[in-house]
>>> print(open('run_5.tsv').read())   # TSV, C-alpha atoms
chain	number	residue	atom	x	y	z
A	1	MET	CA	-7.84	13.56	-24.57
A	2	THR	CA	-10.86	13.84	-26.87
A	3	PRO	CA	-12.98	16.98	-27.26
A	4	GLU	CA	-15.87	15.18	-25.56
A	5	GLU	CA	-13.69	14.30	-22.57
A	6	GLU	CA	-12.56	17.92	-22.37
A	7	LYS	CA	-16.19	19.06	-22.25
A	8	ILE	CA	-16.98	16.56	-19.45
A	9	ILE	CA	-14.00	17.74	-17.41
A	10	SER	CA	-14.79	21.44	-17.97
A	11	ARG	CA	-18.40	20.94	-16.83
A	12	TRP	CA	-17.22	19.00	-13.80
A	13	GLY	CA	-14.73	21.75	-12.97
A	14	GLU	CA	-17.50	24.32	-12.66
A	15	GLY	CA	-18.65	22.66	-9.44
A	16	ILE	CA	-15.38	22.24	-7.58
A	17	GLY	CA	-13.98	24.47	-4.86
A	18	ASP	CA	-10.62	26.20	-4.74
A	19	ASP	CA	-9.45	23.64	-2.18
A	20	THR	CA	-9.67	20.64	-4.54
A	21	LEU	CA	-6.21	19.09	-4.60
A	22	LEU	CA	-4.59	16.37	-6.67
A	23	GLY	CA	-1.12	14.88	-6.38
A	24	VAL	CA	0.89	13.29	-9.16
A	25	VAL	CA	4.03	11.20	-8.80
A	26	TRP	CA	5.83	11.07	-12.13
A	27	LYS	CA	8.91	9.49	-13.67
A	28	GLU	CA	10.67	9.93	-16.98
A	29	ASP	CA	9.18	6.84	-18.57
A	30	GLU	CA	6.20	6.22	-20.84
A	31	ALA	CA	3.71	5.69	-18.02
A	32	GLY	CA	4.99	8.67	-16.06
A	33	ARG	CA	4.79	11.00	-19.05
A	34	LYS	CA	1.23	9.89	-19.86
A	35	ILE	CA	0.03	10.40	-16.29
A	36	ARG	CA	1.76	13.76	-16.00
A	37	SER	CA	0.32	14.91	-19.35
A	38	PHE	CA	-3.20	13.93	-18.28
A	39	CYS	CA	-2.89	15.88	-15.02
A	40	ARG	CA	-1.59	18.95	-16.84
A	41	ASP	CA	-4.56	18.74	-19.20
A	42	LEU	CA	-6.81	18.67	-16.14
A	43	MET	CA	-5.11	21.78	-14.76
A	44	ARG	CA	-5.47	23.53	-18.12
A	45	LEU	CA	-9.18	22.73	-18.32
A	46	VAL	CA	-9.88	23.37	-14.62
A	47	PRO	CA	-7.62	26.20	-13.39
A	48	ARG	CA	-9.15	26.03	-9.89
A	49	LEU	CA	-7.80	22.50	-9.48
A	50	HIS	CA	-4.52	22.46	-7.54
A	51	ILE	CA	-2.02	19.82	-8.64
A	52	GLU	CA	1.17	19.05	-6.73
A	53	GLU	CA	3.85	17.24	-8.72
A	54	GLU	CA	6.48	15.02	-7.16
A	55	GLU	CA	9.25	13.10	-8.86
A	56	GLY	CA	9.01	9.42	-7.93
A	57	SER	CA	11.79	7.28	-6.53
A	58	ALA	CA	13.37	4.41	-8.44
A	59	GLU	CA	11.09	1.81	-6.87
A	60	SER	CA	7.84	3.81	-7.04
A	61	MET	CA	5.19	3.72	-9.75
A	62	PRO	CA	3.97	6.92	-11.40
A	63	GLU	CA	0.52	7.57	-10.00
A	64	ILE	CA	-2.23	10.08	-9.36
A	65	ARG	CA	-3.00	10.58	-5.66
A	66	ILE	CA	-6.58	11.64	-5.15
A	67	ARG	CA	-6.62	11.25	-1.38
A	68	ASP	CA	-4.74	9.25	1.23
A	69	ASN	CA	-6.64	6.07	0.39
A	70	VAL	CA	-7.22	6.44	-3.37
A	71	ARG	CA	-4.51	6.28	-6.05
A	72	TYR	CA	-4.48	5.76	-9.80
A	73	ALA	CA	-1.61	4.10	-11.66
A	74	ALA	CA	-3.63	4.73	-14.79
A	75	VAL	CA	-4.88	7.46	-17.10
A	76	PRO	CA	-8.67	7.60	-16.61
A	77	GLU	CA	-10.04	8.00	-20.12
A	78	GLU	CA	-13.42	7.48	-21.77
A	79	ARG	CA	-15.70	5.49	-19.43
A	80	GLU	CA	-13.07	5.50	-16.66
A	81	LEU	CA	-13.38	9.27	-16.42
A	82	GLU	CA	-16.70	9.24	-14.53
A	83	PRO	CA	-15.57	7.25	-11.46
A	84	PHE	CA	-12.32	9.23	-11.37
A	85	LEU	CA	-14.09	12.60	-11.34
A	86	ARG	CA	-16.71	11.43	-8.84
A	87	ILE	CA	-14.14	10.27	-6.30
A	88	LEU	CA	-12.16	13.49	-6.79
A	89	HIS	CA	-15.20	15.70	-6.21
A	90	SER	CA	-18.94	15.18	-6.58
A	91	ALA	CA	-22.20	16.48	-5.20
A	92	ASP	CA	-23.26	12.82	-5.35
A	93	PRO	CA	-20.58	10.99	-3.29
A	94	LEU	CA	-19.74	7.46	-4.35
A	95	ALA	CA	-20.39	6.24	-0.80
A	96	SER	CA	-24.07	7.00	-1.37
A	97	ASP	CA	-24.13	4.16	-3.93
A	98	LEU	CA	-23.71	1.68	-1.07
A	99	PRO	CA	-26.70	0.38	0.89
A	100	PRO	CA	-26.67	1.81	4.46
A	101	PRO	CA	-25.96	-1.60	6.13
A	102	LEU	CA	-22.79	-2.00	4.03
A	103	ARG	CA	-21.64	1.54	4.84
A	104	GLU	CA	-22.16	0.88	8.55
A	105	ARG	CA	-20.22	-2.39	8.35
A	106	LEU	CA	-17.31	-0.67	6.60
A	107	GLN	CA	-17.20	2.13	9.15
A	108	GLN	CA	-16.62	-0.47	11.87
A	109	VAL	CA	-13.48	-1.77	10.13
A	110	ASP	CA	-10.28	-0.30	11.56
A	111	VAL	CA	-7.74	-2.67	9.99
A	112	PRO	CA	-6.64	-1.27	6.61
A	113	ALA	CA	-7.79	-3.16	3.52
A	114	SER	CA	-5.55	-2.95	0.45
A	115	ILE	CA	-7.59	-3.21	-2.76
A	116	ARG	CA	-5.98	-3.35	-6.20
A	117	VAL	CA	-8.21	-2.97	-9.26
A	118	TYR	CA	-6.61	-3.97	-12.55
A	119	ILE	CA	-8.17	-2.43	-15.65
A	120	SER	CA	-7.47	-1.77	-19.31
A	121	PRO	CA	-8.74	1.17	-21.37
A	122	GLN	CA	-10.67	-1.06	-23.79
A	123	CYS	CA	-12.55	-3.03	-21.11
A	124	PRO	CA	-16.30	-2.24	-21.01
A	125	PHE	CA	-16.75	-3.80	-17.55
A	126	CYS	CA	-13.81	-2.17	-15.77
A	127	PRO	CA	-15.51	1.17	-14.93
A	128	HIS	CA	-18.20	-0.70	-12.94
A	129	ALA	CA	-15.59	-2.57	-10.90
A	130	VAL	CA	-13.66	0.66	-10.30
A	131	MET	CA	-16.84	2.49	-9.25
A	132	ARG	CA	-17.72	-0.21	-6.71
A	133	CYS	CA	-14.25	-0.27	-5.17
A	134	LEU	CA	-13.99	3.51	-5.04
A	135	ALA	CA	-17.34	3.59	-3.23
A	136	LEU	CA	-15.74	1.50	-0.48
A	137	ALA	CA	-12.85	3.96	-0.18
A	138	ASP	CA	-15.32	6.84	-0.10
A	139	ALA	CA	-17.24	5.17	2.73
A	140	SER	CA	-14.24	4.16	4.86
A	141	ALA	CA	-10.73	5.55	5.24
A	142	SER	CA	-9.64	1.99	6.08
A	143	CYS	CA	-10.20	0.92	2.45
A	144	HIS	CA	-7.18	1.80	0.31
A	145	VAL	CA	-7.80	1.49	-3.41
A	146	LEU	CA	-5.16	1.47	-6.15
A	147	VAL	CA	-6.45	1.42	-9.73
A	148	ILE	CA	-3.82	-0.01	-12.10
A	149	ASP	CA	-3.86	-0.05	-15.90
A	150	GLY	CA	-2.30	-3.46	-16.56
A	151	THR	CA	-1.37	-2.46	-20.11
A	152	LEU	CA	0.47	0.64	-18.88
A	153	PHE	CA	2.13	-1.27	-16.00
A	154	PRO	CA	2.77	-4.81	-17.28
A	155	GLU	CA	5.34	-5.74	-14.62
A	156	PRO	CA	3.06	-5.46	-11.55
A	157	ALA	CA	0.29	-7.08	-13.58
A	158	GLU	CA	2.55	-10.05	-14.29
A	159	GLN	CA	3.66	-10.21	-10.64
A	160	ASP	CA	0.02	-10.31	-9.54
A	161	GLY	CA	-0.82	-12.98	-12.11
A	162	ILE	CA	-3.32	-10.87	-14.03
A	163	ARG	CA	-4.78	-12.75	-16.99
A	164	SER	CA	-7.94	-10.72	-17.62
A	165	VAL	CA	-9.66	-7.56	-16.45
A	166	PRO	CA	-11.26	-6.33	-14.37
A	167	THR	CA	-9.49	-8.13	-11.55
A	168	VAL	CA	-9.90	-7.02	-7.94
A	169	ILE	CA	-7.30	-8.17	-5.40
A	170	LEU	CA	-7.82	-7.77	-1.65
A	171	ASP	CA	-4.71	-7.86	0.55
A	172	ARG	CA	-2.85	-9.80	-2.14
A	173	ALA	CA	-4.73	-12.87	-0.88
A	174	PHE	CA	-8.27	-12.80	-2.31
A	175	ARG	CA	-9.24	-12.02	-5.89
A	176	TRP	CA	-12.26	-11.60	-8.10
A	177	THR	CA	-12.10	-11.57	-11.89
A	178	GLY	CA	-14.94	-10.14	-13.92
A	179	SER	CA	-18.02	-9.25	-11.92
A	180	VAL	CA	-17.46	-8.48	-8.23
A	181	GLN	CA	-20.37	-8.26	-5.81
A	182	THR	CA	-20.02	-5.35	-3.42
A	183	GLU	CA	-21.61	-7.21	-0.51
A	184	GLU	CA	-19.20	-10.13	-0.92
A	185	LEU	CA	-16.22	-7.76	-0.98
A	186	VAL	CA	-17.42	-5.89	2.12
A	187	ASN	CA	-18.04	-9.15	3.99
A	188	MET	CA	-14.53	-10.34	3.16
A	189	ILE	CA	-13.03	-7.05	4.38
A	190	ALA	CA	-15.03	-7.19	7.62
A	191	HIS	CA	-14.24	-10.82	8.45
A	192	ARG	CA	-10.57	-11.13	7.44
A	193	ASP	CA	-8.12	-12.97	9.65
A	194	PRO	CA	-5.58	-10.24	10.49
A	195	SER	CA	-2.76	-12.79	10.38
A	196	GLU	CA	-3.43	-13.16	6.64
A	197	LEU	CA	-3.12	-9.45	5.89
A	198	GLY	CA	-0.70	-8.60	3.13
A	199	PRO	CA	2.31	-6.27	3.37
A	200	GLU	CA	0.38	-3.33	1.88
A	201	SER	CA	-2.29	-3.46	4.60
A	202	LEU	CA	0.28	-3.70	7.39
A	203	GLU	CA	2.23	-0.86	5.78
A	204	GLN	CA	-0.90	1.29	5.92
A	205	MET	CA	-1.21	0.60	9.65
A	206	LEU	CA	2.39	1.66	10.17
A	207	HIS	CA	1.87	4.76	8.02
A	208	GLN	CA	-1.00	5.68	10.35
A	209	GLY	CA	1.31	5.41	13.37
A	210	ARG	CA	-0.29	2.17	14.59
A	211	ALA	CA	2.83	0.07	15.17
A	212	GLU	CA	1.78	-0.69	18.74
A	213	ASP	CA	-1.69	-1.77	17.55
A	214	LEU	CA	-0.06	-4.17	15.09
A	215	ALA	CA	2.10	-5.65	17.84
A	216	THR	CA	-0.97	-6.01	20.08
A	217	MET	CA	-2.85	-7.89	17.34
A	218	MET	CA	0.00	-10.40	17.07
A	219	ILE	CA	0.22	-10.77	20.83
A	220	GLU	CA	-3.53	-11.39	21.14
A	221	ARG	CA	-3.35	-14.11	18.49
A	222	GLY	CA	-0.07	-15.55	19.73
A	223	LYS	CA	1.60	-15.56	16.31
A	224	VAL	CA	3.73	-13.46	14.03
A	225	PHE	CA	2.02	-12.12	10.92
A	226	PRO	CA	4.11	-13.31	7.94
A	227	ALA	CA	3.75	-9.96	6.15
A	228	LEU	CA	5.67	-8.26	8.98
A	229	LEU	CA	8.81	-10.04	7.76
A	230	ASP	CA	8.35	-8.53	4.30
A	231	LEU	CA	8.23	-5.07	5.84
A	232	LEU	CA	11.29	-5.68	8.02
A	233	VAL	CA	13.39	-6.39	4.92
A	234	SER	CA	11.73	-3.77	2.71
A	235	GLY	CA	14.04	-1.65	0.59
A	236	LYS	CA	12.14	1.44	1.80
A	237	TRP	CA	13.66	2.80	5.00
A	238	PRO	CA	10.44	4.43	6.34
A	239	VAL	CA	8.60	1.11	5.94
A	240	ARG	CA	11.40	-0.80	7.67
A	241	LEU	CA	11.49	1.75	10.49
A	242	GLY	CA	7.77	1.41	11.18
A	243	ALA	CA	8.04	-2.38	11.20
A	244	MET	CA	11.00	-2.16	13.59
A	245	VAL	CA	8.91	-0.06	15.98
A	246	ALA	CA	6.24	-2.78	15.91
A	247	PHE	CA	8.96	-5.36	16.65
A	248	GLU	CA	10.17	-3.34	19.64
A	249	HIS	CA	6.65	-3.30	21.10
A	250	LEU	CA	6.50	-7.05	20.50
A	251	ALA	CA	9.82	-7.63	22.25
A	252	GLU	CA	8.67	-5.64	25.29
A	253	SER	CA	5.48	-7.66	25.73
A	254	ARG	CA	6.04	-11.10	24.19
A	255	ALA	CA	9.73	-12.02	23.90
A	256	GLY	CA	8.94	-15.44	22.47
A	257	LEU	CA	7.26	-13.94	19.41
A	258	ALA	CA	10.13	-11.49	18.95
A	259	SER	CA	12.53	-14.44	18.94
A	260	GLN	CA	10.45	-16.13	16.22
A	261	VAL	CA	10.76	-13.00	14.12
A	262	CYS	CA	14.54	-12.99	14.58
A	263	LEU	CA	14.91	-16.61	13.54
A	264	SER	CA	12.80	-16.01	10.44
A	265	LEU	CA	14.88	-12.93	9.60
A	266	TRP	CA	18.04	-15.00	9.99
A	267	ASP	CA	16.78	-17.25	7.19
A	268	LEU	CA	16.65	-14.13	4.98
A	269	PHE	CA	19.90	-12.62	6.24
A	270	ALA	CA	22.18	-13.80	3.42
A	271	ARG	CA	19.82	-12.49	0.73
A	272	VAL	CA	19.44	-8.86	1.87
A	273	ASP	CA	21.82	-5.94	1.40
A	274	ASP	CA	24.23	-4.79	4.07
A	275	THR	CA	22.04	-1.92	5.32
A	276	ILE	CA	19.15	-4.30	5.98
A	277	LYS	CA	21.58	-6.80	7.55
A	278	GLY	CA	22.52	-4.07	10.04
A	279	ASP	CA	18.85	-3.45	10.88
A	280	ILE	CA	18.25	-7.18	11.39
A	281	LEU	CA	21.19	-7.36	13.78
A	282	TYR	CA	19.84	-4.34	15.65
A	283	LEU	CA	16.59	-6.25	16.18
A	284	PHE	CA	18.55	-9.21	17.49
A	285	GLY	CA	19.98	-6.90	20.12
A	286	GLU	CA	16.53	-5.57	21.02
A	287	SER	CA	14.99	-9.04	21.29
A	288	GLY	CA	16.39	-9.82	24.72
A	289	ASP	CA	17.00	-13.44	23.63
A	290	PRO	CA	20.51	-14.68	24.58
A	291	SER	CA	20.03	-17.80	22.45
A	292	LEU	CA	20.73	-15.55	19.45
A	293	LEU	CA	24.31	-14.89	20.62
A	294	PRO	CA	25.81	-17.81	18.61
A	295	LEU	CA	24.27	-16.38	15.43
A	296	LEU	CA	25.79	-13.00	16.19
A	297	ALA	CA	29.15	-14.67	16.84
A	298	SER	CA	28.95	-16.32	13.42
A	299	VAL	CA	28.58	-12.89	11.83
A	300	LEU	CA	31.64	-11.63	13.70
A	301	ASP	CA	33.65	-14.67	12.52
A	302	ALA	CA	32.59	-14.30	8.87
A	303	PRO	CA	34.03	-11.92	6.22
A	304	TYR	CA	31.23	-9.35	6.42
A	305	PRO	CA	31.87	-5.60	5.87
A	306	HIS	CA	32.91	-3.47	8.84
A	307	GLU	CA	29.48	-1.85	9.27
A	308	VAL	CA	27.74	-5.24	9.46
A	309	LYS	CA	30.21	-6.52	12.06
A	310	GLU	CA	29.82	-3.28	14.01
A	311	ALA	CA	26.04	-3.86	14.12
A	312	ALA	CA	26.67	-7.41	15.35
A	313	ARG	CA	28.98	-6.14	18.11
A	314	ASP	CA	26.36	-3.59	19.19
A	315	ALA	CA	23.74	-6.35	19.30
A	316	VAL	CA	25.98	-8.58	21.43
A	317	LYS	CA	26.55	-5.67	23.82
A	318	SER	CA	22.82	-4.93	24.01
A	319	LEU	CA	21.94	-8.56	24.74
A	320	SER	CA	24.70	-8.84	27.34
A	321	GLU	CA	23.43	-5.76	29.14
A	322	GLN	CA	19.85	-7.05	29.12
A	323	THR	CA	20.76	-10.48	30.49
A	324	SER	CA	23.44	-9.52	33.02
>>> encode(input="run_5.tsv", output="structure tokens")
Amino acid sequence: MTPEEEKIISRWGEGIGDDTLLGVVWKEDEAGRKIRSFCRDLMRLVPRLHIEEEEGSAESMPEIRIRDNVRYAAVPEERELEPFLRILHSADPLASDLPPPLRERLQQVDVPASIRVYISPQCPFCPHAVMRCLALADASASCHVLVIDGTLFPEPAEQDGIRSVPTVILDRAFRWTGSVQTEELVNMIAHRDPSELGPESLEQMLHQGRAEDLATMMIERGKVFPALLDLLVSGKWPVRLGAMVAFEHLAESRAGLASQVCLSLWDLFARVDDTIKGDILYLFGESGDPSLLPLLASVLDAPYPHEVKEAARDAVKSLSEQTS
């Protein structure tokens, strides 16, 4: 951190309250140490700032959590410092940068929008893209923004096909590279087809306790959202659990859609670990579809571990009780 950056942070810190809170998820790797060091510098320069540290899990990225819908997998330096400090605390909220009609449109959106902003420290255009996306998160809790330094996190950048920055990705389906027009981004958020939502957006709905709403959206459209399958085989148990609750609501109201989910999960069955296999078989039992019994019998006849076969037996029993 440069002396000039320290001065900017110290001046900013004079205006914050004692309730300003920041979270940091760290790991013992290069990115984690850099993020943790930056946050400790913040705490040194602004003693009134409260920082809660949490050691990340194996699959998590080190990140700074500013609020429920704003995270940084980056160290905001130089020109990136201004948008970071403004979204953390400012007398001039970022939402005020948006024209009133766009703010009103965003406030009507209740389906979470997952926005990834890829940056690099040397990029002169990245702070503008970050500022625009953070303004959306400031205006609507439904907009979830993750700022990622692609040089600090090359693996997710490669997975997302990042070739240049800034790149903004909405729901893993729509992307803008270079200049992004705020109105175009807001219009896309407001008019998305929910069936095309990515796993991150559905995960946000589940995190908000809206599993039944997700099931209702699928029922109203008469189709299974493909991203639900990703969540049902997620390696994160809380994510899987939320998706399973959505499935149970689906099975209660539209058995045919629940059966479609089961058949799609069967295609993935051989590729997931035994714990997830057990959860898939549990869903078979909750589906109420007796046509799945031959698939369960094939599990019982195959050399699967005891716990997988036990889950298959429980599913057979559940289906038998529902159809007797």
>>> closest_residue(input="run_5.tsv", among="A:Pro112, A:Gly17, A:Gly222, A:Gly242", to="Asp171 (chain A)", atoms="all atoms listed in the file")
A:Pro112
>>> atom_distance(input="run_5.tsv", atom1="CA of Ser140 (chain A)", atom2="CA of Leu106 (chain A)")
6.0 Å
>>> closest_residue(input="run_5.tsv", among="A:Ala135, A:Arg105, A:Val224, A:Pro76", to="Pro93 (chain A)", atoms="only C-alpha atoms")
A:Ala135
>>> residues_around(input="run_5.tsv", residues="Ala58 (chain A)", least_positions_apart="6", cutoff="12 Å", atoms="only C-alpha atoms", output="list in words")
Val25, Trp26, Lys27, Glu28, Asp29, Gly235 and Lys236 of chain A
>>> closest_residue(input="run_5.tsv", among="A:Asp213, A:Glu286, A:Pro226, A:Thr275", to="Glu248 (chain A)", atoms="all atoms listed in the file")
A:Glu286
>>> atom_distance(input="run_5.tsv", atom1="CA of Phe84 (chain A)", atom2="CA of Phe153 (chain A)")
18.5 Å
>>> residues_near_point(input="run_5.tsv", point="(10.6, 5.1, 10.6)", cutoff="12 Å", atoms="all atoms listed in the file", output="list of chain:residue names")
A:Glu203, A:Leu206, A:His207, A:Gln208, A:Gly209, A:Arg210, A:Ala211, A:Leu231, A:Leu232, A:Ser234, A:Lys236, A:Trp237, A:Pro238, A:Val239, A:Arg240, A:Leu241, A:Gly242, A:Ala243, A:Met244, A:Val245, A:Ala246, A:Asp279
>>> residues_around(input="run_5.tsv", residues="Asp274 (chain A)", least_positions_apart="4", cutoff="12 Å", atoms="only C-alpha atoms", output="compact mmCIF listing (two decimals) with C-alpha atoms, in the frame of the given file")
# COMPACT_ATOMS: atom_id res chain seq x y z
CA VAL A 233 13.39 -6.39 4.92
CA GLY A 235 14.04 -1.65 0.59
CA PHE A 269 19.90 -12.62 6.24
CA ALA A 270 22.18 -13.80 3.42
CA GLY A 278 22.52 -4.07 10.04
CA ASP A 279 18.85 -3.45 10.88
CA ILE A 280 18.25 -7.18 11.39
CA LEU A 281 21.19 -7.36 13.78
CA TYR A 304 31.23 -9.35 6.42
CA PRO A 305 31.87 -5.60 5.87
CA HIS A 306 32.91 -3.47 8.84
CA GLU A 307 29.48 -1.85 9.27
CA VAL A 308 27.74 -5.24 9.46
CA LYS A 309 30.21 -6.52 12.06
CA GLU A 310 29.82 -3.28 14.01
CA ALA A 311 26.04 -3.86 14.12
CA ALA A 312 26.67 -7.41 15.35
>>> residues_near_point(input="run_5.tsv", point="(25.5, -14.6, 18.0)", cutoff="10 Å", atoms="only C-alpha atoms", output="list in words")
Leu281, Phe284, Gly285, Pro290, Ser291, Leu292, Leu293, Pro294, Leu295, Leu296, Ala297, Ser298, Val299, Leu300, Asp301, Ala312, Arg313, Ala315, Val316 and Leu319 of chain A
>>> atom_distance(input="run_5.tsv", atom1="CA of Ala74 (chain A)", atom2="CA of Pro99 (chain A)")
28.2 Å
>>> residues_around(input="run_5.tsv", residues="Pro47 (chain A)", least_positions_apart="6", cutoff="10 Å", atoms="only C-alpha atoms", output="JSON, numbers by chain")
{"A": [10, 13, 18, 41]}
>>> closest_residue(input="run_5.tsv", among="A:Ala91, A:Leu202, A:Val70, A:Val111", to="Val130 (chain A)", atoms="all atoms listed in the file")
A:Val70
>>> residues_around(input="run_5.tsv", residues="Leu85 (chain A)", least_positions_apart="3", cutoff="10 Å", atoms="all atoms listed in the file", output="PDB file with C-alpha atoms, keeping the file's coordinate frame")
ATOM      1  CA  ILE A   8     -16.980  16.560 -19.450  1.00  0.00           C
ATOM      2  CA  ILE A   9     -14.000  17.740 -17.410  1.00  0.00           C
ATOM      3  CA  TRP A  12     -17.220  19.000 -13.800  1.00  0.00           C
ATOM      4  CA  GLY A  13     -14.730  21.750 -12.970  1.00  0.00           C
ATOM      5  CA  ILE A  66      -6.580  11.640  -5.150  1.00  0.00           C
ATOM      6  CA  PRO A  76      -8.670   7.600 -16.610  1.00  0.00           C
ATOM      7  CA  GLU A  80     -13.070   5.500 -16.660  1.00  0.00           C
ATOM      8  CA  LEU A  81     -13.380   9.270 -16.420  1.00  0.00           C
ATOM      9  CA  GLU A  82     -16.700   9.240 -14.530  1.00  0.00           C
ATOM     10  CA  LEU A  88     -12.160  13.490  -6.790  1.00  0.00           C
ATOM     11  CA  HIS A  89     -15.200  15.700  -6.210  1.00  0.00           C
ATOM     12  CA  SER A  90     -18.940  15.180  -6.580  1.00  0.00           C
TER      13      SER A  90
END
>>> build_atoms(input="run_5.tsv", residues="region 58-71 of chain A", atoms="N, CA, C and O atoms", output="PDB file, in the frame of the given file")
ATOM      1  N   ALA A  58      13.095   5.486  -7.489  1.00  0.00           N
ATOM      2  CA  ALA A  58      13.370   4.410  -8.440  1.00  0.00           C
ATOM      3  C   ALA A  58      12.388   3.263  -8.313  1.00  0.00           C
ATOM      4  O   ALA A  58      12.000   2.641  -9.300  1.00  0.00           O
ATOM      5  N   GLU A  59      11.958   2.981  -7.079  1.00  0.00           N
ATOM      6  CA  GLU A  59      11.090   1.810  -6.870  1.00  0.00           C
ATOM      7  C   GLU A  59       9.602   2.155  -6.930  1.00  0.00           C
ATOM      8  O   GLU A  59       8.754   1.259  -6.855  1.00  0.00           O
ATOM      9  N   SER A  60       9.250   3.433  -7.056  1.00  0.00           N
ATOM     10  CA  SER A  60       7.840   3.810  -7.040  1.00  0.00           C
ATOM     11  C   SER A  60       7.244   3.777  -8.435  1.00  0.00           C
ATOM     12  O   SER A  60       7.950   3.870  -9.444  1.00  0.00           O
ATOM     13  N   MET A  61       5.912   3.634  -8.496  1.00  0.00           N
ATOM     14  CA  MET A  61       5.190   3.720  -9.750  1.00  0.00           C
ATOM     15  C   MET A  61       4.674   5.140  -9.930  1.00  0.00           C
ATOM     16  O   MET A  61       4.251   5.758  -8.963  1.00  0.00           O
ATOM     17  N   PRO A  62       4.683   5.653 -11.169  1.00  0.00           N
ATOM     18  CA  PRO A  62       3.970   6.920 -11.400  1.00  0.00           C
ATOM     19  C   PRO A  62       2.500   6.731 -11.043  1.00  0.00           C
ATOM     20  O   PRO A  62       1.921   5.687 -11.329  1.00  0.00           O
ATOM     21  N   GLU A  63       1.903   7.728 -10.411  1.00  0.00           N
ATOM     22  CA  GLU A  63       0.520   7.570 -10.000  1.00  0.00           C
ATOM     23  C   GLU A  63      -0.120   8.920  -9.723  1.00  0.00           C
ATOM     24  O   GLU A  63       0.566   9.925  -9.518  1.00  0.00           O
ATOM     25  N   ILE A  64      -1.444   8.913  -9.740  1.00  0.00           N
ATOM     26  CA  ILE A  64      -2.230  10.080  -9.360  1.00  0.00           C
ATOM     27  C   ILE A  64      -2.763   9.815  -7.956  1.00  0.00           C
ATOM     28  O   ILE A  64      -3.375   8.764  -7.712  1.00  0.00           O
ATOM     29  N   ARG A  65      -2.534  10.737  -7.041  1.00  0.00           N
ATOM     30  CA  ARG A  65      -3.000  10.580  -5.660  1.00  0.00           C
ATOM     31  C   ARG A  65      -4.201  11.487  -5.442  1.00  0.00           C
ATOM     32  O   ARG A  65      -4.073  12.712  -5.386  1.00  0.00           O
ATOM     33  N   ILE A  66      -5.349  10.872  -5.308  1.00  0.00           N
ATOM     34  CA  ILE A  66      -6.580  11.640  -5.150  1.00  0.00           C
ATOM     35  C   ILE A  66      -6.801  11.994  -3.683  1.00  0.00           C
ATOM     36  O   ILE A  66      -7.191  13.110  -3.342  1.00  0.00           O
ATOM     37  N   ARG A  67      -6.570  11.042  -2.824  1.00  0.00           N
ATOM     38  CA  ARG A  67      -6.620  11.250  -1.380  1.00  0.00           C
ATOM     39  C   ARG A  67      -5.749  10.186  -0.752  1.00  0.00           C
ATOM     40  O   ARG A  67      -5.151   9.374  -1.447  1.00  0.00           O
ATOM     41  N   ASP A  68      -5.661  10.187   0.571  1.00  0.00           N
ATOM     42  CA  ASP A  68      -4.740   9.250   1.230  1.00  0.00           C
ATOM     43  C   ASP A  68      -5.042   7.797   0.888  1.00  0.00           C
ATOM     44  O   ASP A  68      -4.137   6.964   0.879  1.00  0.00           O
ATOM     45  N   ASN A  69      -6.300   7.472   0.612  1.00  0.00           N
ATOM     46  CA  ASN A  69      -6.640   6.070   0.390  1.00  0.00           C
ATOM     47  C   ASN A  69      -7.111   5.773  -1.034  1.00  0.00           C
ATOM     48  O   ASN A  69      -7.677   4.712  -1.280  1.00  0.00           O
ATOM     49  N   VAL A  70      -6.849   6.677  -1.976  1.00  0.00           N
ATOM     50  CA  VAL A  70      -7.220   6.440  -3.370  1.00  0.00           C
ATOM     51  C   VAL A  70      -6.089   6.894  -4.293  1.00  0.00           C
ATOM     52  O   VAL A  70      -5.699   8.064  -4.270  1.00  0.00           O
ATOM     53  N   ARG A  71      -5.579   5.968  -5.104  1.00  0.00           N
ATOM     54  CA  ARG A  71      -4.510   6.280  -6.050  1.00  0.00           C
ATOM     55  C   ARG A  71      -4.822   5.643  -7.401  1.00  0.00           C
ATOM     56  O   ARG A  71      -5.475   4.607  -7.471  1.00  0.00           O
TER      57      ARG A  71
END
